[in-house]
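Written out below as structure tokens is the structure these notes cover.
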Amino acid sequence: MSLYRIYSSTHNLIRSDQIRVNLDHYISRPDNHIQSTFSPRTRHRAEHLSRSAAAAAHASYYAHPALHLHTYLSKETPVAVDGQGSIIGALNEPAVPLSTQPQSQPIPPSKETNVSNIPHVNDEKSNEVGPEGTKKEEGGKDDAGAPSGMDKGAMELNGEAGGTRSSPGPSLQDVLKFKEVQNGWSSHAQAGQAGQNGHLGVPGQITQTGGQGQAERPELGRHWSVRDRMEPHLQLMCGPLLAYYTVRNDVWQGGALVVVRDDGSDLSSLPYINLTFHPYDKPSEAVPTVHDPTIQLLPSQTVQARRIHVYASKDGNMSFFRFIFEIPLQQTQMAVRYRLNGGAEMDFVVPAKGENMRWAAHSCNGFSSGVNPDEFKGNYPSGYDPVWEDLLLKHHEKPFHCMVGGGDQIYCDALTREPEMQPWITAPDRHSKLTCPLTEEIREAVDRFYFNHYCKIFRSNAFGRANSSIPMVNMLDDHDLIDGFGTYDDETQASPVMSFVGSRGYFWFLIFQLFVSDEVDGVDPTPYSHTLKSMIIGDKRGPWIPFPSHSLLVYLGPKVTLLALDCRAERKLDRICTPETYAKTLGEVRKIQGIEQLVILLGVPIAYPRMSFVEHFLDWKYNPLNILARHNAMGLGGMVNKFNQASELLDDLNDHWCANTHKKERNWLVLECQKLAKEKQFRITFLSGDVHLAAVGCLFTFHKGKREPTLAPEQDHRYMLNVITSAIVNTPPPPGAAKMVAMLGRNKHRTLPQDTDEIMIPLFMTDTDGSKSKLKTALNRRNYAAVEYNQNGELVFDIRVEKSQGAGETVGYPIKAPAVKW
């Protein structure tokens with residue numbers, strides 16, 4: 001959050017006393033002995049798990065379609081592979097536009113010529129990185145650096161991105177040519193003939209020149225779409241992605257999504273996915289698979305796709321194909337193997353019948369503007385990877401049945417850098433911004449950006465492997481649309497361009513993250529009438545976008561349920577959700593029988609320190625900083641936002657439940673949850689992200705004159721944790737920010753009734769290296785949470801905190817939501 005700029009300037013003034021609460025039973029401290037920051041396992045994952053083992057366990061760099069299909073068509077030089085078959089260097093570097101690429105030069109024949117000694121893109125010069133963006137992205141500027149592990153979207157300097165693009169995988173023509181050449185059926189008469197029909201041939205090829213012609217031996221065998229060929233072939237833009245919806249009547253419901261380029265695909269028949277069902281078998285280095293191939297628990301299934309959307313881009317039609325899976329649960333945990341059009345096999349794991357799921361929670365999967373991702377990558381290809389690599393390793397050791405995205409699964413703020421958006425962004429005054437016309441060029445640019453940006457992020461690197469092997473349960477926050485959407489004043493929100501941005505951002509969220517198209521699935525507000533049986537549709541459209549809210553009520557086991565509340569569709573400056581949405585979602589919760597733990601997912605923390613004094617100052621009409629910034633005096637222009645010239649920090653503050661504009665709604669929701677917990681006799685825990693640090697807030701029964709809880713947590717229906725896990729990728733705030741959170745967290749809050757108090761729990765008594773922590777209530781390191789139900793009725797949230805920046809290894813800080821004993 002940009003708010004931390006204020007924090008960092010005050011950190012020397014803050015002194016924080018330890019808050020002592022008798023909660024020791026519910027806080028599991030990490031071991032005193034913690035490995036060195038860079039353990040042997042951290043230095044190289046291959047020492048722990050070979051790439052071939054990873055391929056069988058949770059898909060690999062060279063077996064998973066989402067990781068490379070967009071990379072090898074148009075590289076200037078081939079991808080190199082070492083002697084063990086591992087690819088050297090990052091696989092996710094953006095492609096150079098076909099129109100600007102030089103013609104391939106033949107490599108002189110040599111006895112020593114092989115793939116491993118061909119020059120490759122990961123040389124020293126090509127890894128030069130500029131402060132923002134990349135030169136080799138489409139339309140990139142000369143003063144930006146070369147790409148490194150992750151596409152940075154349209155983030156070139158001065159906002160001139162040239163249009164975000166996303167390269168497809170191999171076309172049907174490429175694959176047919178490969179098969180033809182591989183079988184010795186053709187030779188090419190003219191050098192450079194590989195560039196016909198808009199294609200430059202296959203990177204990684206070795207050429208030999210002789211006589212009048214040139215013979216090609218393309219080295220594509222390692223790629224799944226060629227080695228394990230899809231029949232018929234699909235030219236993939238993104239996917240397969242996996243989603244989990246719910247379990248009803250012991251039938252697991254989820255789905256998969258693939259995005260294809262129609263022109264390069266064989267769509268003479270609908271795509272299909274084959275499913276086979278095997279007992280889950282814990283992998284080992286000797287036997288790295290997660291299934292027993294000799295046993296099939298259910299007959300295999302073939303699931304036909306349904307085309308739920310066609311995006312008509314200038315590069316041709318892009319089709320979205322959805323597959324709905326319905327899998328009867330068995331008495332044992334199952335590894336489900338799936339193959340798209342007969343291609344490579346991949347796995348996900350479903351729980352046993354009656355088993356409470358093990359799941360992961362994460363948020364803020366991206367970098368804020370101005371952050372260099374390479375500062376966070378350590379020994380990994382990209383700064384996006386280290387904590388995701390740890391999550392995948394934990395999944396390999398003990399599977400996650402789903403992963404819950406708490407918001408900001410993608411950062412779409414770079415939309416403002418698209419060239420067509422500049423008349424709106426650079427408008428000189430508020431009136432010009434509000435009246436900026438919504439042109440066809442802006443409409444096209446908005447859709448182009450969201451489509452291509454989603455394709456790049458959701459297929460890339462470790463995150464790409466995760467969302468093809470762990471089914472997703474996602475709810476959006478502001479960056480999934482654009483920074484702060486919903487928290488600006490009504491006039492700004494209703495303006496043509498801002499409203500359109502939110503509308504299209506919400507549309508692309510539904511289709512890429514939930515695999516939902518309202519045109520296909522409808523918006524019938526009757527519960528359980530939707531294709532997704534977990535979906536709760538709001539009764540009316542939001543104020544700024546033409547969509548009703550899409551909340552989720554998800555089965556996580558017979559004792560655990562998740563309510564993911566849509567806090568964006570209906571959000572206004574003075575409202576988060578409508579009373580009708582609260583009544584409907586909580587009414588559905590009341591119908592559930594037998595659960596002991598209810599987790600309510602809110603993108604922004606609800607039990608978190610107040611920033612009221614900062615809000616009042618920034619919102620003050622005569623705030624001198626804002627007055628200077630609006631005129632860009634003293635270089636302060638960056639302190640007001642691009643949309644309504646209010647303080648750049650104010651939308652972050654207004655987003656919070658504890659903000660002055662939301663505190664009445666927040667207090668009402670807390671009291672309503674207390675009633676619900678007492679009535680239904682289950683524990684309620686809030687799960688949140690957004691703030692880029694790990695923390696745990698706590699609401700509890702308060703007795704006058706006593707600061708500490710007087711009721712044991714398991715006997716207190718008001719005892720509700722707010723587990724805050726953020727960010728899995730984005731940069732943590734500076735130490736001053738966490739110190740301010742700790743200082744404000746010990747303040748007494750008088751906005752709640754006399755019988756309720758709240759604190760921040762001192763969970764982080766030691767730092768990740770075992771030393772005494774200075775930040776006991778808020779640890780500013782990247783993190784995610786692993787969640788598991790104990791048989792004694794407790795729900796354990798193990799907050800996994802990155803040992804050091806880029807280490808790729810985490811330390812656990814578990815905290816327990818207690819069982820119910822009132």
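In the structure tokens, chains take the letters A, B, ... in the order shown, each chain's residues start at 1, and ligands count up from 1 in the order shown.
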
TODO: Assign secondary structure with DSSP using the backbone only, and return the residues of range 229-415 of chain A in helix (DSSP H, G or I) as an NGL selection string.
DONE: :A and (262-264 or 373-376 or 385-397 or 413-415)

- [ ] Please report, as a ChimeraX atom specification, each residue of range 389-431 of chain A to which DSSP assigns strand (DSSP E or B) when run on this structure's backbone.
- [x] /A:402-405

Dump of N, CA, C and O atoms for the selected residues, as an mmCIF file, in the first residue's frame:
```cif
data_model
loop_
_atom_site.group_PDB
_atom_site.id
_atom_site.type_symbol
_atom_site.label_atom_id
_atom_site.label_comp_id
_atom_site.auth_asym_id
_atom_site.auth_seq_id
_atom_site.Cartn_x
_atom_site.Cartn_y
_atom_site.Cartn_z
ATOM 1 N N CYS A 402 -7.248 -27.220 -2.321
ATOM 2 C CA CYS A 402 -7.586 -26.022 -3.075
ATOM 3 C C CYS A 402 -6.729 -24.882 -2.544
ATOM 4 O O CYS A 402 -6.089 -25.003 -1.501
ATOM 5 N N MET A 403 -6.698 -23.786 -3.296
ATOM 6 C CA MET A 403 -6.012 -22.587 -2.814
ATOM 7 C C MET A 403 -6.959 -21.403 -2.967
ATOM 8 O O MET A 403 -7.584 -21.206 -4.005
ATOM 9 N N VAL A 404 -7.062 -20.628 -1.886
ATOM 10 C CA VAL A 404 -8.010 -19.525 -1.799
ATOM 11 C C VAL A 404 -7.278 -18.216 -2.072
ATOM 12 O O VAL A 404 -6.361 -17.841 -1.330
ATOM 13 N N GLY A 405 -7.665 -17.541 -3.159
ATOM 14 C CA GLY A 405 -7.106 -16.237 -3.485
ATOM 15 C C GLY A 405 -7.957 -15.149 -2.864
ATOM 16 O O GLY A 405 -9.127 -14.981 -3.206
#
```

- [ ] Show which residues sit within 8 Å of range 549-556 of chain A, as a ChimeraX atom specification. Count only C-alpha atoms, and ignore same-chain residues fewer than 2 positions away.
- [x] /A:245-247,356-357,475,534-538,540-542,547,558-566,568-570,581,585,589

Excluding Val350 in chain A and its own-chain neighbours fewer than 2 positions away, which residues fall within 7 Å of it when counting only C-alpha atoms? Please give them as a CSV table (one decimal) with all heavy atoms, in the first residue's frame.
```csv
chain,number,residue,atom,x,y,z
A,333,GLN,N,-8.3,-40.5,-0.2
A,333,GLN,CA,-7.9,-39.3,-1.0
A,333,GLN,C,-7.5,-39.8,-2.4
A,333,GLN,O,-6.9,-40.8,-2.6
A,333,GLN,CB,-6.7,-38.7,-0.3
A,333,GLN,CG,-6.4,-37.3,-0.7
A,333,GLN,CD,-5.3,-36.7,0.3
A,333,GLN,OE1,-5.3,-35.5,0.5
A,333,GLN,NE2,-4.4,-37.5,0.8
A,334,MET,N,-7.9,-39.0,-3.4
A,334,MET,CA,-7.7,-39.4,-4.8
A,334,MET,C,-6.8,-38.4,-5.5
A,334,MET,O,-7.0,-37.2,-5.4
A,334,MET,CB,-9.0,-39.4,-5.6
A,334,MET,CG,-9.8,-40.7,-5.4
A,334,MET,SD,-11.1,-40.9,-6.6
A,334,MET,CE,-12.1,-39.5,-6.3
A,335,ALA,N,-5.9,-38.9,-6.3
A,335,ALA,CA,-5.2,-38.1,-7.3
A,335,ALA,C,-5.9,-38.2,-8.6
A,335,ALA,O,-6.1,-39.3,-9.1
A,335,ALA,CB,-3.8,-38.6,-7.5
A,348,PHE,N,-4.3,-33.2,-9.9
A,348,PHE,CA,-4.8,-32.5,-8.7
A,348,PHE,C,-5.3,-33.5,-7.8
A,348,PHE,O,-5.6,-34.7,-8.1
A,348,PHE,CB,-5.8,-31.4,-9.1
A,348,PHE,CG,-7.1,-31.8,-9.7
A,348,PHE,CD1,-8.2,-32.1,-8.9
A,348,PHE,CD2,-7.2,-32.0,-11.1
A,348,PHE,CE1,-9.4,-32.5,-9.5
A,348,PHE,CE2,-8.4,-32.4,-11.7
A,348,PHE,CZ,-9.5,-32.6,-10.9
A,352,ALA,N,-10.8,-37.3,0.7
A,352,ALA,CA,-11.6,-38.4,0.9
A,352,ALA,C,-13.0,-38.0,1.4
A,352,ALA,O,-13.2,-36.9,1.8
A,352,ALA,CB,-11.0,-39.4,2.0
A,401,HIS,N,-5.9,-29.3,-1.2
A,401,HIS,CA,-7.0,-29.6,-2.0
A,401,HIS,C,-7.6,-28.4,-2.8
A,401,HIS,O,-8.3,-28.6,-3.8
A,401,HIS,CB,-8.1,-30.2,-1.1
A,401,HIS,CG,-7.7,-31.5,-0.4
A,401,HIS,ND1,-7.6,-31.6,1.0
A,401,HIS,CD2,-7.2,-32.6,-0.9
A,401,HIS,CE1,-7.2,-32.8,1.3
A,401,HIS,NE2,-7.0,-33.4,0.2
```

Task: Atom pair CA of Trp388 in chain A / CA of Arg781 in chain A: separation (Å) - done: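 These atoms are spaced 13.9 Å apart.
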